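Pasted below: run30.cif, mmCIF, all heavy atoms.
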```
data_model
#
loop_
_atom_site.label_atom_id
_atom_site.label_comp_id
_atom_site.auth_asym_id
_atom_site.auth_seq_id
_atom_site.Cartn_x
_atom_site.Cartn_y
_atom_site.Cartn_z
N MET E 1 -132.59 -107.27 -36.14
CA MET E 1 -132.65 -105.88 -36.52
C MET E 1 -133.36 -105.75 -37.87
O MET E 1 -133.03 -106.46 -38.79
CB MET E 1 -131.25 -105.30 -36.65
CG MET E 1 -130.41 -105.43 -35.43
SD MET E 1 -129.53 -103.91 -35.20
CE MET E 1 -128.87 -104.23 -33.62
N PRO E 2 -134.29 -104.84 -37.97
CA PRO E 2 -135.00 -104.67 -39.23
C PRO E 2 -134.07 -104.27 -40.36
O PRO E 2 -133.21 -103.40 -40.20
CB PRO E 2 -136.00 -103.55 -38.93
CG PRO E 2 -136.13 -103.53 -37.45
CD PRO E 2 -134.81 -104.00 -36.91
N GLY E 3 -134.23 -104.91 -41.49
CA GLY E 3 -133.43 -104.58 -42.66
C GLY E 3 -132.04 -105.16 -42.67
O GLY E 3 -131.28 -104.93 -43.60
N SER E 4 -131.66 -105.94 -41.64
CA SER E 4 -130.30 -106.45 -41.58
C SER E 4 -130.14 -107.79 -42.29
O SER E 4 -129.03 -108.21 -42.52
CB SER E 4 -129.85 -106.58 -40.12
OG SER E 4 -130.66 -107.51 -39.46
N THR E 5 -131.24 -108.46 -42.61
CA THR E 5 -131.15 -109.74 -43.29
C THR E 5 -131.94 -109.69 -44.58
O THR E 5 -132.84 -108.88 -44.75
CB THR E 5 -131.71 -110.88 -42.41
OG1 THR E 5 -133.10 -110.65 -42.20
CG2 THR E 5 -130.99 -110.98 -41.09
N ASN E 6 -131.63 -110.60 -45.50
CA ASN E 6 -132.36 -110.67 -46.75
C ASN E 6 -133.80 -111.09 -46.53
O ASN E 6 -134.67 -110.70 -47.29
CB ASN E 6 -131.67 -111.66 -47.71
CG ASN E 6 -130.33 -111.13 -48.18
OD1 ASN E 6 -130.10 -109.93 -48.17
ND2 ASN E 6 -129.46 -112.03 -48.59
N GLY E 7 -134.07 -111.88 -45.51
CA GLY E 7 -135.42 -112.34 -45.24
C GLY E 7 -136.37 -111.22 -44.87
O GLY E 7 -137.55 -111.29 -45.15
N SER E 8 -135.86 -110.16 -44.25
CA SER E 8 -136.75 -109.08 -43.83
C SER E 8 -137.32 -108.34 -45.03
O SER E 8 -138.46 -107.88 -44.98
CB SER E 8 -136.02 -108.11 -42.90
OG SER E 8 -135.01 -107.42 -43.60
N THR E 9 -136.57 -108.25 -46.10
CA THR E 9 -137.07 -107.58 -47.30
C THR E 9 -138.23 -108.35 -47.91
O THR E 9 -139.26 -107.77 -48.25
CB THR E 9 -135.94 -107.40 -48.34
OG1 THR E 9 -134.88 -106.67 -47.73
CG2 THR E 9 -136.43 -106.67 -49.56
N SER E 10 -138.08 -109.67 -48.02
CA SER E 10 -139.17 -110.45 -48.58
C SER E 10 -140.38 -110.48 -47.65
O SER E 10 -141.51 -110.51 -48.11
CB SER E 10 -138.70 -111.87 -48.90
OG SER E 10 -138.31 -112.54 -47.74
N THR E 11 -140.15 -110.45 -46.35
CA THR E 11 -141.25 -110.41 -45.40
C THR E 11 -142.01 -109.10 -45.52
O THR E 11 -143.25 -109.08 -45.51
CB THR E 11 -140.74 -110.61 -43.96
OG1 THR E 11 -140.02 -111.83 -43.89
CG2 THR E 11 -141.88 -110.63 -42.97
N LYS E 12 -141.29 -108.00 -45.66
CA LYS E 12 -141.94 -106.70 -45.85
C LYS E 12 -142.73 -106.68 -47.15
O LYS E 12 -143.84 -106.16 -47.20
CB LYS E 12 -140.91 -105.58 -45.84
CG LYS E 12 -140.33 -105.30 -44.48
CD LYS E 12 -139.29 -104.21 -44.55
CE LYS E 12 -138.63 -104.01 -43.21
NZ LYS E 12 -137.57 -103.00 -43.26
N THR E 13 -142.16 -107.26 -48.19
CA THR E 13 -142.85 -107.32 -49.48
C THR E 13 -144.14 -108.12 -49.35
O THR E 13 -145.19 -107.71 -49.87
CB THR E 13 -141.94 -107.94 -50.54
OG1 THR E 13 -140.74 -107.17 -50.63
CG2 THR E 13 -142.62 -107.99 -51.89
N MET E 14 -144.08 -109.25 -48.67
CA MET E 14 -145.27 -110.07 -48.47
C MET E 14 -146.31 -109.31 -47.65
O MET E 14 -147.52 -109.41 -47.91
CB MET E 14 -144.93 -111.39 -47.79
CG MET E 14 -144.29 -112.40 -48.69
SD MET E 14 -145.34 -112.92 -50.05
CE MET E 14 -146.59 -113.82 -49.16
N GLY E 15 -145.86 -108.56 -46.66
CA GLY E 15 -146.79 -107.75 -45.86
C GLY E 15 -147.50 -106.70 -46.70
O GLY E 15 -148.72 -106.51 -46.59
N VAL E 16 -146.75 -106.05 -47.56
CA VAL E 16 -147.34 -105.05 -48.46
C VAL E 16 -148.33 -105.70 -49.41
O VAL E 16 -149.42 -105.18 -49.65
CB VAL E 16 -146.23 -104.29 -49.22
CG1 VAL E 16 -146.80 -103.45 -50.34
CG2 VAL E 16 -145.42 -103.44 -48.27
N LEU E 17 -147.96 -106.87 -49.97
CA LEU E 17 -148.87 -107.58 -50.87
C LEU E 17 -150.14 -108.02 -50.15
O LEU E 17 -151.24 -107.96 -50.71
CB LEU E 17 -148.17 -108.79 -51.47
CG LEU E 17 -147.12 -108.51 -52.54
CD1 LEU E 17 -146.41 -109.80 -52.94
CD2 LEU E 17 -147.74 -107.84 -53.74
N THR E 18 -150.00 -108.45 -48.90
CA THR E 18 -151.16 -108.89 -48.13
C THR E 18 -152.11 -107.73 -47.87
O THR E 18 -153.33 -107.85 -48.06
CB THR E 18 -150.72 -109.54 -46.81
OG1 THR E 18 -149.86 -110.65 -47.11
CG2 THR E 18 -151.90 -110.03 -46.00
N VAL E 19 -151.57 -106.60 -47.45
CA VAL E 19 -152.40 -105.43 -47.18
C VAL E 19 -153.02 -104.92 -48.48
O VAL E 19 -154.21 -104.59 -48.53
CB VAL E 19 -151.59 -104.33 -46.47
CG1 VAL E 19 -152.38 -103.04 -46.37
CG2 VAL E 19 -151.18 -104.80 -45.07
N GLY E 20 -152.21 -104.88 -49.54
CA GLY E 20 -152.74 -104.47 -50.84
C GLY E 20 -153.83 -105.41 -51.34
O GLY E 20 -154.83 -104.97 -51.92
N GLY E 21 -153.64 -106.69 -51.11
CA GLY E 21 -154.66 -107.67 -51.48
C GLY E 21 -155.95 -107.46 -50.71
O GLY E 21 -157.04 -107.58 -51.26
N LEU E 22 -155.83 -107.14 -49.42
CA LEU E 22 -157.01 -106.88 -48.62
C LEU E 22 -157.77 -105.68 -49.16
O LEU E 22 -159.00 -105.71 -49.29
CB LEU E 22 -156.63 -106.65 -47.16
CG LEU E 22 -157.78 -106.27 -46.22
CD1 LEU E 22 -158.83 -107.37 -46.19
CD2 LEU E 22 -157.26 -105.98 -44.84
N VAL E 23 -157.05 -104.64 -49.52
CA VAL E 23 -157.69 -103.44 -50.08
C VAL E 23 -158.38 -103.78 -51.39
O VAL E 23 -159.53 -103.38 -51.63
CB VAL E 23 -156.65 -102.31 -50.27
CG1 VAL E 23 -157.23 -101.15 -51.05
CG2 VAL E 23 -156.13 -101.84 -48.91
N ALA E 24 -157.69 -104.54 -52.25
CA ALA E 24 -158.27 -104.90 -53.55
C ALA E 24 -159.51 -105.78 -53.40
O ALA E 24 -160.53 -105.56 -54.07
CB ALA E 24 -157.22 -105.61 -54.40
N VAL E 25 -159.45 -106.78 -52.52
CA VAL E 25 -160.59 -107.67 -52.32
C VAL E 25 -161.76 -106.91 -51.71
O VAL E 25 -162.92 -107.11 -52.11
CB VAL E 25 -160.19 -108.89 -51.45
CG1 VAL E 25 -161.41 -109.70 -51.04
CG2 VAL E 25 -159.21 -109.76 -52.19
N THR E 26 -161.47 -106.02 -50.78
CA THR E 26 -162.54 -105.22 -50.18
C THR E 26 -163.18 -104.31 -51.22
O THR E 26 -164.41 -104.20 -51.28
CB THR E 26 -161.99 -104.38 -49.00
OG1 THR E 26 -161.39 -105.27 -48.05
CG2 THR E 26 -163.08 -103.57 -48.34
N ALA E 27 -162.37 -103.67 -52.06
CA ALA E 27 -162.91 -102.80 -53.11
C ALA E 27 -163.76 -103.61 -54.09
O ALA E 27 -164.84 -103.16 -54.51
CB ALA E 27 -161.77 -102.10 -53.85
N TYR E 28 -163.31 -104.80 -54.46
CA TYR E 28 -164.08 -105.67 -55.35
C TYR E 28 -165.41 -106.04 -54.72
O TYR E 28 -166.45 -106.02 -55.38
CB TYR E 28 -163.27 -106.92 -55.67
CG TYR E 28 -163.96 -107.87 -56.63
CD1 TYR E 28 -163.72 -107.79 -58.00
CD2 TYR E 28 -164.85 -108.84 -56.17
CE1 TYR E 28 -164.35 -108.65 -58.88
CE2 TYR E 28 -165.49 -109.70 -57.04
CZ TYR E 28 -165.24 -109.60 -58.40
OH TYR E 28 -165.87 -110.43 -59.27
N THR E 29 -165.37 -106.37 -53.43
CA THR E 29 -166.59 -106.76 -52.73
C THR E 29 -167.59 -105.60 -52.68
O THR E 29 -168.78 -105.80 -52.89
CB THR E 29 -166.25 -107.24 -51.30
OG1 THR E 29 -165.40 -108.38 -51.40
CG2 THR E 29 -167.49 -107.60 -50.52
N VAL E 30 -167.10 -104.40 -52.41
CA VAL E 30 -167.98 -103.24 -52.35
C VAL E 30 -168.56 -102.93 -53.73
O VAL E 30 -169.75 -102.65 -53.86
CB VAL E 30 -167.21 -102.01 -51.80
CG1 VAL E 30 -168.01 -100.73 -51.98
CG2 VAL E 30 -166.87 -102.22 -50.33
N ALA E 31 -167.74 -103.02 -54.78
CA ALA E 31 -168.18 -102.64 -56.12
C ALA E 31 -169.05 -103.71 -56.78
O ALA E 31 -170.06 -103.39 -57.41
CB ALA E 31 -166.96 -102.34 -56.99
N LEU E 32 -168.66 -104.98 -56.67
CA LEU E 32 -169.30 -106.02 -57.45
C LEU E 32 -169.95 -107.14 -56.63
O LEU E 32 -170.54 -108.06 -57.20
CB LEU E 32 -168.29 -106.64 -58.42
CG LEU E 32 -167.64 -105.66 -59.40
CD1 LEU E 32 -166.54 -106.35 -60.19
CD2 LEU E 32 -168.67 -105.08 -60.34
N GLY E 33 -169.80 -107.10 -55.34
CA GLY E 33 -170.36 -108.16 -54.51
C GLY E 33 -169.29 -109.14 -54.07
O GLY E 33 -168.20 -109.20 -54.63
N SER E 34 -169.61 -109.90 -53.07
CA SER E 34 -168.64 -110.80 -52.46
C SER E 34 -168.29 -111.97 -53.38
O SER E 34 -169.13 -112.49 -54.11
CB SER E 34 -169.20 -111.34 -51.15
OG SER E 34 -168.26 -112.16 -50.51
N ASN E 35 -167.04 -112.36 -53.34
CA ASN E 35 -166.56 -113.54 -54.06
C ASN E 35 -165.76 -114.38 -53.06
O ASN E 35 -164.68 -113.97 -52.62
CB ASN E 35 -165.69 -113.11 -55.24
CG ASN E 35 -165.24 -114.29 -56.07
OD1 ASN E 35 -165.10 -115.40 -55.59
ND2 ASN E 35 -165.00 -114.04 -57.35
N GLY E 36 -166.27 -115.53 -52.71
CA GLY E 36 -165.64 -116.36 -51.69
C GLY E 36 -164.24 -116.79 -52.04
O GLY E 36 -163.37 -116.89 -51.17
N TRP E 37 -163.96 -117.02 -53.33
CA TRP E 37 -162.62 -117.45 -53.73
C TRP E 37 -161.60 -116.34 -53.52
O TRP E 37 -160.44 -116.62 -53.16
CB TRP E 37 -162.60 -117.91 -55.18
CG TRP E 37 -163.21 -119.26 -55.35
CD1 TRP E 37 -164.39 -119.56 -55.94
CD2 TRP E 37 -162.65 -120.51 -54.89
NE1 TRP E 37 -164.61 -120.92 -55.88
CE2 TRP E 37 -163.57 -121.52 -55.24
CE3 TRP E 37 -161.49 -120.85 -54.22
CZ2 TRP E 37 -163.34 -122.86 -54.95
CZ3 TRP E 37 -161.28 -122.18 -53.92
CH2 TRP E 37 -162.18 -123.16 -54.28
N LEU E 38 -161.99 -115.09 -53.73
CA LEU E 38 -161.06 -113.98 -53.48
C LEU E 38 -160.72 -113.90 -52.00
O LEU E 38 -159.56 -113.71 -51.63
CB LEU E 38 -161.66 -112.65 -53.96
CG LEU E 38 -161.72 -112.44 -55.45
CD1 LEU E 38 -162.40 -111.11 -55.77
CD2 LEU E 38 -160.32 -112.46 -56.05
N TRP E 39 -161.73 -114.03 -51.14
CA TRP E 39 -161.48 -113.98 -49.71
C TRP E 39 -160.64 -115.18 -49.26
O TRP E 39 -159.75 -115.04 -48.42
CB TRP E 39 -162.79 -113.90 -48.92
CG TRP E 39 -163.39 -112.53 -49.03
CD1 TRP E 39 -164.45 -112.15 -49.78
CD2 TRP E 39 -162.91 -111.34 -48.38
NE1 TRP E 39 -164.67 -110.81 -49.64
CE2 TRP E 39 -163.74 -110.28 -48.78
CE3 TRP E 39 -161.86 -111.07 -47.50
CZ2 TRP E 39 -163.57 -108.98 -48.33
CZ3 TRP E 39 -161.68 -109.77 -47.06
CH2 TRP E 39 -162.52 -108.74 -47.47
N PHE E 40 -160.93 -116.35 -49.82
CA PHE E 40 -160.14 -117.53 -49.50
C PHE E 40 -158.68 -117.32 -49.89
O PHE E 40 -157.76 -117.61 -49.12
CB PHE E 40 -160.70 -118.76 -50.22
CG PHE E 40 -159.87 -120.00 -50.03
CD1 PHE E 40 -159.91 -120.70 -48.84
CD2 PHE E 40 -159.05 -120.46 -51.05
CE1 PHE E 40 -159.14 -121.84 -48.66
CE2 PHE E 40 -158.27 -121.59 -50.88
CZ PHE E 40 -158.32 -122.28 -49.69
N GLY E 41 -158.46 -116.78 -51.08
CA GLY E 41 -157.09 -116.50 -51.54
C GLY E 41 -156.39 -115.50 -50.63
O GLY E 41 -155.21 -115.65 -50.33
N TRP E 42 -157.13 -114.48 -50.18
CA TRP E 42 -156.52 -113.50 -49.30
C TRP E 42 -156.15 -114.12 -47.95
O TRP E 42 -155.09 -113.82 -47.40
CB TRP E 42 -157.45 -112.30 -49.08
CG TRP E 42 -156.78 -111.28 -48.23
CD1 TRP E 42 -155.87 -110.35 -48.62
CD2 TRP E 42 -156.93 -111.14 -46.82
NE1 TRP E 42 -155.45 -109.64 -47.52
CE2 TRP E 42 -156.08 -110.10 -46.41
CE3 TRP E 42 -157.70 -111.79 -45.86
CZ2 TRP E 42 -155.99 -109.69 -45.09
CZ3 TRP E 42 -157.59 -111.39 -44.54
CH2 TRP E 42 -156.75 -110.35 -44.16
N VAL E 43 -157.01 -114.99 -47.43
CA VAL E 43 -156.71 -115.67 -46.16
C VAL E 43 -155.46 -116.53 -46.31
O VAL E 43 -154.58 -116.52 -45.43
CB VAL E 43 -157.92 -116.50 -45.68
CG1 VAL E 43 -157.54 -117.42 -44.54
CG2 VAL E 43 -159.06 -115.58 -45.26
N VAL E 44 -155.34 -117.25 -47.41
CA VAL E 44 -154.15 -118.07 -47.66
C VAL E 44 -152.91 -117.18 -47.72
O VAL E 44 -151.88 -117.49 -47.12
CB VAL E 44 -154.32 -118.92 -48.93
CG1 VAL E 44 -153.01 -119.58 -49.33
CG2 VAL E 44 -155.41 -119.96 -48.74
N LEU E 45 -153.00 -116.07 -48.45
CA LEU E 45 -151.87 -115.14 -48.53
C LEU E 45 -151.50 -114.61 -47.15
O LEU E 45 -150.32 -114.51 -46.80
CB LEU E 45 -152.23 -113.99 -49.48
CG LEU E 45 -151.17 -112.92 -49.69
CD1 LEU E 45 -149.92 -113.52 -50.33
CD2 LEU E 45 -151.72 -111.79 -50.53
N GLY E 46 -152.51 -114.29 -46.35
CA GLY E 46 -152.25 -113.80 -44.99
C GLY E 46 -151.58 -114.85 -44.13
O GLY E 46 -150.67 -114.55 -43.35
N LEU E 47 -152.01 -116.10 -44.25
CA LEU E 47 -151.39 -117.18 -43.47
C LEU E 47 -149.94 -117.41 -43.89
O LEU E 47 -149.07 -117.66 -43.04
CB LEU E 47 -152.20 -118.46 -43.60
CG LEU E 47 -153.56 -118.46 -42.92
CD1 LEU E 47 -154.34 -119.72 -43.26
CD2 LEU E 47 -153.41 -118.31 -41.42
N ILE E 48 -149.67 -117.32 -45.18
CA ILE E 48 -148.29 -117.45 -45.65
C ILE E 48 -147.43 -116.33 -45.10
O ILE E 48 -146.31 -116.54 -44.64
CB ILE E 48 -148.24 -117.48 -47.19
CG1 ILE E 48 -148.88 -118.76 -47.72
CG2 ILE E 48 -146.81 -117.34 -47.71
CD1 ILE E 48 -149.12 -118.76 -49.22
N THR E 49 -147.97 -115.11 -45.11
CA THR E 49 -147.23 -113.97 -44.57
C THR E 49 -146.97 -114.15 -43.07
O THR E 49 -145.85 -113.89 -42.61
CB THR E 49 -148.02 -112.67 -44.81
OG1 THR E 49 -148.24 -112.53 -46.22
CG2 THR E 49 -147.25 -111.46 -44.31
N LEU E 50 -147.98 -114.60 -42.33
CA LEU E 50 -147.77 -114.84 -40.90
C LEU E 50 -146.72 -115.92 -40.66
O LEU E 50 -145.90 -115.81 -39.74
CB LEU E 50 -149.08 -115.25 -40.25
CG LEU E 50 -150.10 -114.13 -40.01
CD1 LEU E 50 -151.40 -114.70 -39.46
CD2 LEU E 50 -149.54 -113.09 -39.08
N GLY E 51 -146.73 -116.95 -41.50
CA GLY E 51 -145.71 -118.00 -41.39
C GLY E 51 -144.31 -117.45 -41.63
O GLY E 51 -143.37 -117.82 -40.93
N MET E 52 -144.19 -116.56 -42.61
CA MET E 52 -142.89 -115.95 -42.89
C MET E 52 -142.42 -115.10 -41.71
O MET E 52 -141.24 -115.11 -41.35
CB MET E 52 -142.95 -115.10 -44.16
CG MET E 52 -143.07 -115.92 -45.43
SD MET E 52 -143.19 -114.89 -46.89
CE MET E 52 -141.52 -114.22 -46.95
N VAL E 53 -143.34 -114.35 -41.12
CA VAL E 53 -142.99 -113.51 -39.97
C VAL E 53 -142.58 -114.38 -38.79
O VAL E 53 -141.60 -114.08 -38.09
CB VAL E 53 -144.17 -112.60 -39.60
CG1 VAL E 53 -143.95 -111.90 -38.26
CG2 VAL E 53 -144.41 -111.57 -40.69
N ALA E 54 -143.29 -115.47 -38.57
CA ALA E 54 -143.00 -116.35 -37.44
C ALA E 54 -141.64 -117.05 -37.61
O ALA E 54 -140.91 -117.23 -36.62
CB ALA E 54 -144.10 -117.40 -37.28
N THR E 55 -141.29 -117.44 -38.82
CA THR E 55 -140.02 -118.15 -39.03
C THR E 55 -138.84 -117.20 -39.19
O THR E 55 -137.71 -117.63 -39.10
CB THR E 55 -140.09 -119.05 -40.26
OG1 THR E 55 -140.41 -118.27 -41.41
CG2 THR E 55 -141.12 -120.14 -40.07
N ARG E 56 -139.11 -115.93 -39.39
CA ARG E 56 -138.02 -114.96 -39.57
C ARG E 56 -137.18 -114.83 -38.30
O ARG E 56 -135.98 -114.69 -38.36
CB ARG E 56 -138.60 -113.59 -39.94
CG ARG E 56 -137.55 -112.55 -40.18
CD ARG E 56 -138.19 -111.26 -40.60
NE ARG E 56 -139.05 -110.76 -39.55
CZ ARG E 56 -139.10 -109.50 -39.20
NH1 ARG E 56 -138.36 -108.60 -39.81
NH2 ARG E 56 -139.91 -109.09 -38.24
N GLY E 57 -137.83 -114.93 -37.15
CA GLY E 57 -137.13 -114.75 -35.90
C GLY E 57 -136.27 -115.93 -35.49
O GLY E 57 -135.46 -115.84 -34.58
N THR E 58 -136.44 -117.09 -36.13
CA THR E 58 -135.69 -118.27 -35.72
C THR E 58 -134.49 -118.51 -36.59
O THR E 58 -134.39 -118.04 -37.67
CB THR E 58 -136.58 -119.53 -35.74
OG1 THR E 58 -137.07 -119.70 -37.07
CG2 THR E 58 -137.70 -119.40 -34.77
#
```

Give the structure from this file in structure tokens form.
Amino acid sequence: MPGSTNGSTSTKTMGVLTVGGLVAVTAYTVALGSNGWLWFGWVVLGLITLGMVATRGT
């Protein structure tokens, strides 16, 4: 059930950070040009978030 465990709060927080990071990296890319390290960092953050979502159900 959503919100019934402590893990769901941290998972939601990570989801918000991941989406916010995507917005920030995209804005940076549009304004100043692409930076591979920013995109790499966002991919790593996204994979960590997916891992948290996958392990939450077990």

Counting only C-alpha atoms, find the residues whose atoms lie at most 12 Å from (-144.3, -112.2, -47.6) (file coordinates) and write them out as number ranges by chain. E: 7-21, 44-56

Pick out each residue of chain E that DSSP on the backbone tags as alpha helix (DSSP H); I need them as number ranges by chain. E: 6-32, 36-56

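With atom NE1 of Trp42 of chain E on one side and atom O of Val25 of chain E on the other, the separation reads 9.1 Å.
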
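In this model, the gap between atom CH2 of Trp37 of chain E and atom CG1 of Val23 of chain E comes to 22.8 Å.
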
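Relative to atom CB of Thr26 of chain E, atom CA of Trp39 of chain E is found at 9.6 Å.
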